[in-house]
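> My file is entry-v8.cif. It has mmCIF, C-alpha atoms:
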```
data_run
loop_
_atom_site.group_PDB
_atom_site.id
_atom_site.type_symbol
_atom_site.label_atom_id
_atom_site.label_comp_id
_atom_site.auth_asym_id
_atom_site.auth_seq_id
_atom_site.Cartn_x
_atom_site.Cartn_y
_atom_site.Cartn_z
ATOM 1 C CA MET A 1 69.762 118.672 120.902
ATOM 2 C CA GLU A 2 69.620 118.095 124.635
ATOM 3 C CA ILE A 3 71.212 120.628 126.962
ATOM 4 C CA GLU A 4 71.837 119.086 130.327
ATOM 5 C CA ARG A 5 74.130 119.068 133.322
ATOM 6 C CA LYS A 6 74.994 116.027 135.375
ATOM 7 C CA PHE A 7 76.184 115.742 138.973
ATOM 8 C CA LEU A 8 77.256 112.992 141.323
ATOM 9 C CA VAL A 9 75.209 112.837 144.517
ATOM 10 C CA LEU A 10 76.678 111.631 147.796
ATOM 11 C CA ASP A 11 73.831 112.583 150.061
ATOM 12 C CA PRO A 12 70.462 112.588 148.281
ATOM 13 C CA PRO A 13 67.505 114.523 149.688
ATOM 14 C CA GLU A 14 64.476 112.731 151.141
ATOM 15 C CA LEU A 15 62.961 110.722 148.263
ATOM 16 C CA ASP A 16 59.890 109.145 149.847
ATOM 17 C CA GLY A 17 57.431 111.466 148.175
ATOM 18 C CA ALA A 18 59.071 111.617 144.738
ATOM 19 C CA GLU A 19 57.632 109.948 141.668
ATOM 20 C CA SER A 20 59.942 107.096 140.650
ATOM 21 C CA ASP A 21 60.348 104.351 138.061
ATOM 22 C CA GLU A 22 62.428 101.203 137.958
ATOM 23 C CA ILE A 23 64.521 101.240 134.773
ATOM 24 C CA GLU A 24 66.441 98.336 133.285
ATOM 25 C CA GLN A 25 68.435 98.888 130.137
ATOM 26 C CA GLY A 26 70.838 96.942 127.958
ATOM 27 C CA TYR A 27 72.810 97.681 124.797
ATOM 28 C CA LEU A 28 72.588 95.742 121.528
ATOM 29 C CA ALA A 29 75.443 97.874 120.221
ATOM 30 C CA THR A 30 77.577 100.679 121.608
ATOM 31 C CA GLY A 31 80.085 103.092 120.179
ATOM 32 C CA ALA A 32 80.408 106.308 118.238
ATOM 33 C CA ASP A 33 79.155 104.767 114.999
ATOM 34 C CA GLY A 34 75.812 103.770 116.462
ATOM 35 C CA GLU A 35 74.225 102.917 119.782
ATOM 36 C CA VAL A 36 71.149 100.710 120.057
ATOM 37 C CA ARG A 37 69.544 100.450 123.491
ATOM 38 C CA LEU A 38 66.680 98.447 124.929
ATOM 39 C CA ARG A 39 64.916 99.898 127.955
ATOM 40 C CA ARG A 40 62.216 98.544 130.217
ATOM 41 C CA LYS A 41 60.553 101.232 132.363
ATOM 42 C CA GLY A 42 57.709 99.550 134.202
ATOM 43 C CA GLU A 43 55.610 97.939 131.460
ATOM 44 C CA HIS A 44 56.963 100.311 128.836
ATOM 45 C CA LEU A 45 59.424 98.612 126.443
ATOM 46 C CA VAL A 46 61.458 100.831 124.150
ATOM 47 C CA LEU A 47 64.241 100.527 121.596
ATOM 48 C CA THR A 48 66.352 103.654 121.062
ATOM 49 C CA ALA A 49 68.861 104.046 118.237
ATOM 50 C CA LYS A 50 71.405 106.868 118.318
ATOM 51 C CA ARG A 51 73.924 107.920 115.746
ATOM 52 C CA GLY A 52 76.773 110.394 115.822
ATOM 53 C CA SER A 53 77.664 112.604 118.742
ATOM 54 C CA GLY A 54 77.337 116.180 119.973
ATOM 55 C CA ILE A 55 75.379 118.525 117.754
ATOM 56 C CA SER A 56 74.924 116.032 114.916
ATOM 57 C CA ARG A 57 73.425 113.344 117.126
ATOM 58 C CA ASP A 58 70.380 111.659 115.579
ATOM 59 C CA GLU A 59 67.999 109.579 117.616
ATOM 60 C CA ALA A 60 64.885 107.472 117.090
ATOM 61 C CA GLU A 61 62.803 105.761 119.728
ATOM 62 C CA VAL A 62 60.185 103.067 119.130
ATOM 63 C CA ASP A 63 57.900 101.021 121.370
ATOM 64 C CA LEU A 64 58.371 97.273 121.220
ATOM 65 C CA ASP A 65 55.878 94.579 122.133
ATOM 66 C CA ARG A 66 56.870 92.076 124.774
ATOM 67 C CA GLY A 67 57.669 89.231 122.351
ATOM 68 C CA VAL A 68 60.049 91.332 120.272
ATOM 69 C CA PHE A 69 61.716 92.798 123.372
ATOM 70 C CA GLU A 70 62.266 89.386 124.920
ATOM 71 C CA ARG A 71 63.860 87.953 121.786
ATOM 72 C CA LEU A 72 66.330 90.848 121.589
ATOM 73 C CA TRP A 73 67.102 91.239 125.296
ATOM 74 C CA PRO A 74 69.446 88.172 125.595
ATOM 75 C CA LEU A 75 71.838 89.869 123.141
ATOM 76 C CA THR A 76 72.463 92.671 125.664
ATOM 77 C CA GLY A 77 74.149 90.259 128.118
ATOM 78 C CA GLY A 78 77.069 91.852 129.975
ATOM 79 C CA ARG A 79 75.966 95.332 128.857
ATOM 80 C CA ARG A 80 73.077 96.049 131.198
ATOM 81 C CA LEU A 81 72.261 98.261 134.142
ATOM 82 C CA ARG A 82 69.415 98.843 136.541
ATOM 83 C CA LYS A 83 68.463 102.036 138.323
ATOM 84 C CA ARG A 84 65.539 103.701 140.023
ATOM 85 C CA ARG A 85 64.785 107.108 138.587
ATOM 86 C CA HIS A 86 63.237 109.695 140.905
ATOM 87 C CA VAL A 87 61.878 112.919 139.476
ATOM 88 C CA ILE A 88 62.396 115.867 141.829
ATOM 89 C CA PRO A 89 60.873 119.264 141.009
ATOM 90 C CA LEU A 90 63.205 122.207 141.623
ATOM 91 C CA GLY A 91 61.809 125.643 140.808
ATOM 92 C CA GLY A 92 60.649 125.331 137.197
ATOM 93 C CA LEU A 93 63.130 122.513 136.555
ATOM 94 C CA LYS A 94 63.014 118.765 137.040
ATOM 95 C CA ILE A 95 65.927 116.851 138.472
ATOM 96 C CA GLU A 96 66.147 113.220 137.417
ATOM 97 C CA LEU A 97 67.908 111.384 140.205
ATOM 98 C CA ASP A 98 69.147 107.956 139.146
ATOM 99 C CA VAL A 99 69.901 105.592 142.008
ATOM 100 C CA TYR A 100 71.865 102.721 140.448
ATOM 101 C CA GLU A 101 71.386 99.133 141.611
ATOM 102 C CA GLY A 102 73.120 95.759 141.270
ATOM 103 C CA ASP A 103 76.807 96.031 140.341
ATOM 104 C CA LEU A 104 76.540 99.823 140.324
ATOM 105 C CA GLU A 105 74.924 100.090 143.764
ATOM 106 C CA GLY A 106 76.117 103.157 145.633
ATOM 107 C CA LEU A 107 76.248 105.341 142.539
ATOM 108 C CA VAL A 108 73.699 108.170 142.460
ATOM 109 C CA VAL A 109 73.617 110.632 139.565
ATOM 110 C CA ALA A 110 71.418 113.692 139.034
ATOM 111 C CA GLU A 111 70.607 115.104 135.595
ATOM 112 C CA ILE A 112 68.925 118.388 134.870
ATOM 113 C CA GLU A 113 67.732 119.329 131.404
ATOM 114 C CA PHE A 114 67.560 122.963 130.302
ATOM 115 C CA ASP A 115 65.838 124.837 127.500
ATOM 116 C CA SER A 116 68.890 126.908 126.619
ATOM 117 C CA VAL A 117 72.643 127.135 127.169
ATOM 118 C CA ASP A 118 72.094 130.411 129.067
ATOM 119 C CA GLU A 119 69.708 128.728 131.446
ATOM 120 C CA ALA A 120 72.160 125.855 131.963
ATOM 121 C CA GLN A 121 75.016 128.240 132.752
ATOM 122 C CA ALA A 122 72.900 130.315 135.137
ATOM 123 C CA PHE A 123 71.837 127.264 137.131
ATOM 124 C CA GLU A 124 73.044 127.288 140.731
ATOM 125 C CA PRO A 125 73.101 123.727 142.015
ATOM 126 C CA PRO A 126 71.611 123.083 145.458
ATOM 127 C CA ALA A 127 74.080 121.981 148.120
ATOM 128 C CA TRP A 128 73.195 118.281 147.858
ATOM 129 C CA LEU A 129 74.461 118.083 144.276
ATOM 130 C CA GLY A 130 78.119 116.998 144.341
ATOM 131 C CA VAL A 131 80.893 116.889 141.748
ATOM 132 C CA GLU A 132 79.747 117.907 138.267
ATOM 133 C CA VAL A 133 80.333 115.179 135.649
ATOM 134 C CA THR A 134 78.692 116.794 132.612
ATOM 135 C CA GLY A 135 80.410 115.424 129.490
ATOM 136 C CA ASP A 136 82.449 112.886 131.463
ATOM 137 C CA GLU A 137 82.324 109.739 129.331
ATOM 138 C CA ARG A 138 82.912 107.513 132.341
ATOM 139 C CA TYR A 139 79.428 108.410 133.555
ATOM 140 C CA LEU A 140 77.569 107.759 130.318
ATOM 141 C CA ASN A 141 75.083 104.943 130.892
ATOM 142 C CA GLU A 142 76.658 103.147 127.961
ATOM 143 C CA THR A 143 80.037 103.219 129.720
ATOM 144 C CA LEU A 144 78.592 102.268 133.109
ATOM 145 C CA ALA A 145 76.822 99.277 131.519
ATOM 146 C CA THR A 146 79.940 97.988 129.779
ATOM 147 C CA ARG A 147 82.808 98.996 132.088
ATOM 148 C CA GLY A 148 81.137 99.426 135.461
ATOM 149 C CA ARG A 149 81.614 102.188 137.981
ATOM 150 C CA PRO A 150 84.720 104.361 137.655
ATOM 151 C CA SER A 151 87.228 103.535 140.398
ATOM 152 C CA MET B 1 76.452 78.414 113.709
ATOM 153 C CA GLU B 2 76.258 78.886 109.957
ATOM 154 C CA ILE B 3 78.665 76.982 107.733
ATOM 155 C CA GLU B 4 78.870 78.631 104.361
ATOM 156 C CA ARG B 5 81.151 79.359 101.434
ATOM 157 C CA LYS B 6 81.077 82.504 99.356
ATOM 158 C CA PHE B 7 82.240 83.140 95.794
ATOM 159 C CA LEU B 8 82.461 86.070 93.426
ATOM 160 C CA VAL B 9 80.567 85.547 90.171
ATOM 161 C CA LEU B 10 81.697 87.134 86.915
ATOM 162 C CA ASP B 11 79.382 85.293 84.588
ATOM 163 C CA PRO B 12 76.132 84.241 86.276
ATOM 164 C CA PRO B 13 73.988 81.445 84.809
ATOM 165 C CA GLU B 14 70.598 82.167 83.233
ATOM 166 C CA LEU B 15 68.438 83.646 86.034
ATOM 167 C CA ASP B 16 65.087 84.124 84.301
ATOM 168 C CA GLY B 17 63.420 81.122 85.952
ATOM 169 C CA ALA B 18 64.918 81.568 89.432
ATOM 170 C CA GLU B 19 62.906 82.725 92.417
ATOM 171 C CA SER B 20 64.161 86.164 93.468
ATOM 172 C CA ASP B 21 63.582 88.921 96.022
ATOM 173 C CA GLU B 22 64.536 92.565 96.144
ATOM 174 C CA ILE B 23 66.426 93.220 99.392
ATOM 175 C CA GLU B 24 67.264 96.588 100.898
ATOM 176 C CA GLN B 25 69.217 96.703 104.127
ATOM 177 C CA GLY B 26 70.801 99.307 106.354
ATOM 178 C CA TYR B 27 72.797 99.228 109.577
ATOM 179 C CA LEU B 28 71.872 100.990 112.834
ATOM 180 C CA ALA B 29 75.211 99.866 114.243
ATOM 181 C CA THR B 30 78.170 97.899 112.939
ATOM 182 C CA GLY B 31 81.270 96.405 114.462
ATOM 183 C CA ALA B 32 82.532 93.439 116.427
ATOM 184 C CA ASP B 33 80.768 94.502 119.616
ATOM 185 C CA GLY B 34 77.312 94.398 118.036
ATOM 186 C CA GLU B 35 75.648 94.701 114.663
ATOM 187 C CA VAL B 36 72.033 95.815 114.280
ATOM 188 C CA ARG B 37 70.556 95.562 110.791
ATOM 189 C CA LEU B 38 67.242 96.551 109.250
ATOM 190 C CA ARG B 39 66.145 94.616 106.180
ATOM 191 C CA ARG B 40 63.228 95.045 103.810
ATOM 192 C CA LYS B 41 62.578 91.971 101.660
ATOM 193 C CA GLY B 42 59.414 92.652 99.693
ATOM 194 C CA GLU B 43 56.823 93.515 102.358
ATOM 195 C CA HIS B 44 58.773 91.717 105.065
ATOM 196 C CA LEU B 45 60.485 94.098 107.511
ATOM 197 C CA VAL B 46 63.034 92.632 109.885
ATOM 198 C CA LEU B 47 65.490 93.796 112.528
ATOM 199 C CA THR B 48 68.463 91.498 113.141
ATOM 200 C CA ALA B 49 70.881 91.923 116.034
ATOM 201 C CA LYS B 50 74.192 90.056 116.062
ATOM 202 C CA ARG B 51 76.830 89.843 118.715
ATOM 203 C CA GLY B 52 80.328 88.414 118.739
ATOM 204 C CA SER B 53 81.986 86.634 115.869
ATOM 205 C CA GLY B 54 82.865 83.140 114.682
ATOM 206 C CA ILE B 55 81.704 80.295 116.871
ATOM 207 C CA SER B 56 80.372 82.508 119.649
ATOM 208 C CA ARG B 57 78.146 84.561 117.355
ATOM 209 C CA ASP B 58 74.660 85.174 118.789
ATOM 210 C CA GLU B 59 71.807 86.407 116.663
ATOM 211 C CA ALA B 60 68.167 87.404 117.081
ATOM 212 C CA GLU B 61 65.727 88.378 114.367
ATOM 213 C CA VAL B 62 62.374 90.094 114.872
ATOM 214 C CA ASP B 63 59.642 91.306 112.547
ATOM 215 C CA LEU B 64 58.874 95.023 112.680
ATOM 216 C CA ASP B 65 55.689 96.769 111.680
ATOM 217 C CA ARG B 66 55.904 99.480 109.040
ATOM 218 C CA GLY B 67 55.695 102.410 111.463
ATOM 219 C CA VAL B 68 58.544 101.189 113.642
ATOM 220 C CA PHE B 69 60.686 100.328 110.615
ATOM 221 C CA GLU B 70 60.175 103.743 109.065
ATOM 222 C CA ARG B 71 61.136 105.598 112.229
ATOM 223 C CA LEU B 72 64.381 103.646 112.537
ATOM 224 C CA TRP B 73 65.358 103.534 108.851
ATOM 225 C CA PRO B 74 66.608 107.175 108.608
ATOM 226 C CA LEU B 75 69.336 106.325 111.149
ATOM 227 C CA THR B 76 70.907 103.881 108.663
ATOM 228 C CA GLY B 77 71.819 106.713 106.246
ATOM 229 C CA GLY B 78 75.159 106.123 104.497
ATOM 230 C CA ARG B 79 75.185 102.474 105.603
ATOM 231 C CA ARG B 80 72.765 100.863 103.169
ATOM 232 C CA LEU B 81 72.792 98.505 100.228
ATOM 233 C CA ARG B 82 70.353 97.027 97.735
ATOM 234 C CA LYS B 83 70.529 93.708 95.963
ATOM 235 C CA ARG B 84 68.350 91.163 94.201
ATOM 236 C CA ARG B 85 68.674 87.705 95.683
ATOM 237 C CA HIS B 86 68.107 84.747 93.351
ATOM 238 C CA VAL B 87 67.802 81.261 94.791
ATOM 239 C CA ILE B 88 69.303 78.608 92.502
ATOM 240 C CA PRO B 89 68.919 74.916 93.347
ATOM 241 C CA LEU B 90 72.091 72.844 92.854
ATOM 242 C CA GLY B 91 71.834 69.164 93.682
ATOM 243 C CA GLY B 92 70.494 69.118 97.248
ATOM 244 C CA LEU B 93 71.924 72.594 97.913
ATOM 245 C CA LYS B 94 70.631 76.097 97.371
ATOM 246 C CA ILE B 95 72.837 78.823 95.995
ATOM 247 C CA GLU B 96 71.869 82.352 97.000
ATOM 248 C CA LEU B 97 73.044 84.620 94.225
ATOM 249 C CA ASP B 98 73.092 88.281 95.272
ATOM 250 C CA VAL B 99 73.152 90.757 92.405
ATOM 251 C CA TYR B 100 74.033 94.112 93.970
ATOM 252 C CA GLU B 101 72.482 97.361 92.748
ATOM 253 C CA GLY B 102 73.050 101.103 93.117
ATOM 254 C CA ASP B 103 76.591 102.025 94.141
ATOM 255 C CA LEU B 104 77.545 98.348 94.195
ATOM 256 C CA GLU B 105 76.223 97.556 90.718
ATOM 257 C CA GLY B 106 78.398 95.014 88.928
ATOM 258 C CA LEU B 107 79.098 93.010 92.056
ATOM 259 C CA VAL B 108 77.580 89.506 92.098
ATOM 260 C CA VAL B 109 78.191 87.171 95.034
ATOM 261 C CA ALA B 110 77.066 83.569 95.550
ATOM 262 C CA GLU B 111 76.630 81.986 98.975
ATOM 263 C CA ILE B 112 76.060 78.331 99.697
ATOM 264 C CA GLU B 113 75.106 77.090 103.152
ATOM 265 C CA PHE B 114 76.058 73.596 104.308
ATOM 266 C CA ASP B 115 74.933 71.289 107.091
ATOM 267 C CA SER B 116 78.464 70.322 108.117
ATOM 268 C CA VAL B 117 82.097 71.296 107.671
ATOM 269 C CA ASP B 118 82.679 68.002 105.835
ATOM 270 C CA GLU B 119 79.968 68.814 103.338
ATOM 271 C CA ALA B 120 81.394 72.328 102.866
ATOM 272 C CA GLN B 121 84.884 70.957 102.209
ATOM 273 C CA ALA B 122 83.632 68.304 99.797
ATOM 274 C CA PHE B 123 81.715 70.857 97.710
ATOM 275 C CA GLU B 124 83.005 71.182 94.157
ATOM 276 C CA PRO B 125 81.967 74.586 92.806
ATOM 277 C CA PRO B 126 80.451 74.676 89.319
ATOM 278 C CA ALA B 127 82.526 76.490 86.706
ATOM 279 C CA TRP B 128 80.507 79.736 86.882
ATOM 280 C CA LEU B 129 81.522 80.347 90.502
ATOM 281 C CA GLY B 130 84.644 82.525 90.503
ATOM 282 C CA VAL B 131 87.158 83.510 93.180
ATOM 283 C CA GLU B 132 86.272 82.209 96.642
ATOM 284 C CA VAL B 133 85.878 85.010 99.241
ATOM 285 C CA THR B 134 84.715 82.964 102.241
ATOM 286 C CA GLY B 135 85.827 84.832 105.382
ATOM 287 C CA ASP B 136 87.010 87.872 103.424
ATOM 288 C CA GLU B 137 85.813 90.826 105.499
ATOM 289 C CA ARG B 138 85.754 93.123 102.474
ATOM 290 C CA TYR B 139 82.784 91.158 101.159
ATOM 291 C CA LEU B 140 80.713 91.202 104.340
ATOM 292 C CA ASN B 141 77.476 93.065 103.658
ATOM 293 C CA GLU B 142 78.290 95.299 106.606
ATOM 294 C CA THR B 143 81.579 96.276 104.944
ATOM 295 C CA LEU B 144 80.010 96.720 101.509
ATOM 296 C CA ALA B 145 77.326 98.996 103.007
ATOM 297 C CA THR B 146 79.818 101.213 104.823
ATOM 298 C CA ARG B 147 82.945 101.168 102.617
ATOM 299 C CA GLY B 148 81.602 100.207 99.217
ATOM 300 C CA ARG B 149 83.010 97.735 96.728
ATOM 301 C CA PRO B 150 86.643 96.650 97.187
ATOM 302 C CA SER B 151 88.848 98.191 94.514
#
```
Produce structure tokens that represent the structure in this file.


Amino acid sequence: MEIERKFLVLDPPELDGAESDEIEQGYLATGADGEVRLRRKGEHLVLTAKRGSGISRDEAEVDLDRGVFERLWPLTGGRRLRKRRHVIPLGGLKIELDVYEGDLEGLVVAEIEFDSVDEAQAFEPPAWLGVEVTGDERYLNETLATRGRPS
Amino acid sequence: MEIERKFLVLDPPELDGAESDEIEQGYLATGADGEVRLRRKGEHLVLTAKRGSGISRDEAEVDLDRGVFERLWPLTGGRRLRKRRHVIPLGGLKIELDVYEGDLEGLVVAEIEFDSVDEAQAFEPPAWLGVEVTGDERYLNETLATRGRPS
């Protein structure tokens, strides 16, 4: 189970030096009964299936070859998003800073993953992290891809 | 777009000579917004994604290698079915006769695909085809896999 906190970012730090990847993802299916996602991260093509929610969430991730990916991708139409993910070290932690593009341009979200609930609760966010949106369904990638940015 | 009619079968014809395949399938996701199915037919492993319904239904089918299939299969738990599919020639048509197994044992369903709506309407079912269930959602494989046999 992943333990993470998520924050909106209005004023990101300097990102020139940070490692980053262009990510494009689309959903073959969404919803509580099963989510199936295609993701292209550079040349890396992945299908991820998720089931359930919260503690009982199951997940499997498999690499796809280009031909398979390209035959499935058209079925994600209208349920896609693009973002550039920057990885920013912070103490012993890593902040993943997703700068959304296209229809979601202007949205910047930071995610930090923790090893334990204690560590997550003890975390003191640096000043540039804005409103916390941990657990806010409007900021799930699945929601952003299907419904767009919350107004 | 597929044009087909579907019938329940109480008393199937002699099947000894008919070509047949064991089929096992499970769903990673179900529902109107996207269905993603895994199917094993002999050694042939396939993922099928569907989107929409009726006339606007889109579909893509890709072969999976064994490793990928086996990592995804556990996520179909509780949404699976098994059946033996017999292909029975009838005039210029082919009847696919699905004899369900496991929890669905006793259920036998025949499907006939046509080239046109006219041909489908003109079709006169042989006596061994029972109640027509074309368009009956209770007899979709997706429904049978998740809710079981209609009572």

> At a cut-off of 6 Å, using only C-alpha atoms, what residues contact Arg51 in chain B? Leave out same-chain residues fewer than 5 positions from it and give the result as a PyMOL selection string.

chain B and resi 34+57-58

> Just the number, please: distance in Å from CA of Arg79 in chain B to CA of Tyr139 in chain A, one decimal.

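About the pair CA of Arg79 in chain B and CA of Tyr139 in chain A: they are 28.9 Å apart.
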
> Given the PyMOL selection byres ((chain B and resi 62-71) around 8) and the file above, list the residues it selects as a ChimeraX atom specification.

/A:60-63,68,71-72 /B:38,44-48,60-61,72-74

> How many Å lie between CA of Pro89 in chain A and CA of Ile23 in chain A, rounded to one decimal?

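Atom-to-atom, CA of Pro89 in chain A to CA of Ile23 in chain A, that is 19.4 Å.
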
> May I ask which of the residues B:Pro13, B:Gly78, B:Gly91, B:Gly148 is the closest one to Gly26 in chain B, counting all atoms listed in the file?

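Ranking B:Pro13, B:Gly78, B:Gly91, B:Gly148 by distance to Gly26 in chain B, first place goes to B:Gly78.
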